[in-house]
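Engineer: Below is a structure I'd like to ask you about.
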Amino acid sequence: MLVEETEEGRKWVEGEKQGWKRIDTEGEDWIGIQPRPIAFVSSVSENGVDNLAPFSFFNAVGPFPPLVSYSAMNLTWETDGTSKFKDSVENVKASSKRTSSAIGTAACATKEFTVNMISIPWAEQANFASIDTPHDVSEWELTGLTKMESTHVKAPRVKESAFSMECELFHTYDIIHPKTKQHTGTVVYGLVKCIHVRNDVLVDSKELETSGHKAKIVVDPAKIRTIARMGDITYGYVREPFRLPESSWEKDGEVIKKVVDKYKKEKGLGN
């Protein structure tokens with residue numbers, strides 16, 4: 001089925017008639033990817049100061065080993081290549097050898113942090129953690145959020161978060177601007193050592209069994225209501241999640257092929 005063969009699809013395709021806007025990224029601020037999940041990172045400095053900060057350049061990297069990443073733009077960068085890092089980067093990369101070499105080499109370290117998913121009921125508190133506090137001031141004191149002891153790492157997790165990950169530093173990657181050669185940011189890769197998830201935000205086990213899903217534990221987006229960055233100061237969350245079963249060529253291939261061949265013949269699409 002073509003997109004325009006449904007009513008909603010026709011409306012979507014019709015919108016293209018209004019034309020396109022071209023944005024050259026050189027010299028332009030552009031953040032068009034949405035929604036972007038937000039990592040609420042808890043870390044501890046070498047002086048014992050706890051830090052909390054949200055990062056919308058964040059996502060899962062892969063399951064084996066379980067990795068997540070968040071990217072932080074440096075607060076300043078100088079023409080001589082020196083930079084001033086954000087606390088959430090400074091805390092986890094301290095005393096480790098920082099390099100842009102392949103993942104898994106000398107850049108690995110034992111520094112730790114937690115990543116806490118933000119839900120609608122405490123979005124205002126989390127947003128306040130983005131304030132530019134001095135290095136010796138903890139955002140915990142400003143947000144009204146509650147520290148909860150972690151199992152494997154020193155950094156506390158956020159009690160209000162229904163889904164938290166305890167992470168160990170796996171690698172850091174310096175972002176070097178290709179033209180200016182300035183160090184403008186750092187990507188932090190975390191090895192997930194432990195996950196904490198509240199029972200009240202999980203998909204019912206019977207529903208999982210009925211759907212044939214391989215996973216035994218799945219978070220229900222309608223229950224957890226995690227927020228996402230939509231651009232500028234706009235945020236959103238999933239209101240009406242839907243489930244799409246995956247197809248298997250081994251199981252459905254012959255039927256799919258027949259349907260596609262019939263469709264192409266009816267539409268005169270040829271081979």
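Chains: A, B, ... in order of the structure tokens. Residues: from 1 per chain. Ligands: from 1, in order shown.
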Can you list, as a ChimeraX atom specification, every residue of region 53-244 of chain A that DSSP puts in helix (DSSP H, G or I)?
Structural biologist: /A:87-93,120-128,140-143,199-201,205-211,221-224
Engineer: Which residues, written as a ChimeraX atom specification, have at least one atom at most 12 Å from Ser45 (chain A), with only C-alpha atoms counted and residues fewer than 2 positions away on the same chain left out?
Structural biologist: /A:42-43,47-52,86-95,111-113,135-138,154-155
Engineer: Extract, using only C-alpha atoms, all DNA, RNA and protein residues at most 6 Å from region 177-193 of chain A, discarding same-chain residues fewer than 5 positions from it, and format them as number ranges by chain.
Structural biologist: A: 66-74, 81, 166-172
Engineer: Please measure the separation of CA of Tyr235 (chain A) and CA of Lys159 (chain A), giving the value in Å to one decimal.
Structural biologist: 22.0 Å
Engineer: When DSSP works through the backbone of this structure, what residues of region 98-222 of chain A end up as strand (DSSP E or B), shown as a PyMOL selection string?
Structural biologist: chain A and resi 112-116+119+147-148+157-158+163-176+183-197+202+219
Engineer: Between CA of Ser130 (chain A) and CA of Asn59 (chain A), what is the distance in Å, rounded to a tenth?
Structural biologist: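 It comes out at 18.7 Å.
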Engineer: Would you please work out which residue, of A:Leu269, A:Met230, A:Val44, A:Val203, is nearest to Arg243 (chain A) when using only C-alpha atoms?
Structural biologist: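 So, comparing all the options, the nearest one is A:Val203.
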Engineer: Find, counting only C-alpha atoms, the residue in A:Arg225, A:Lys264, A:Arg36, A:Lys147 that gets nearest to Phe55 (chain A).
Structural biologist: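 Of A:Arg225, A:Lys264, A:Arg36, A:Lys147, the one nearest Phe55 (chain A), counting only C-alpha atoms, is A:Arg36.
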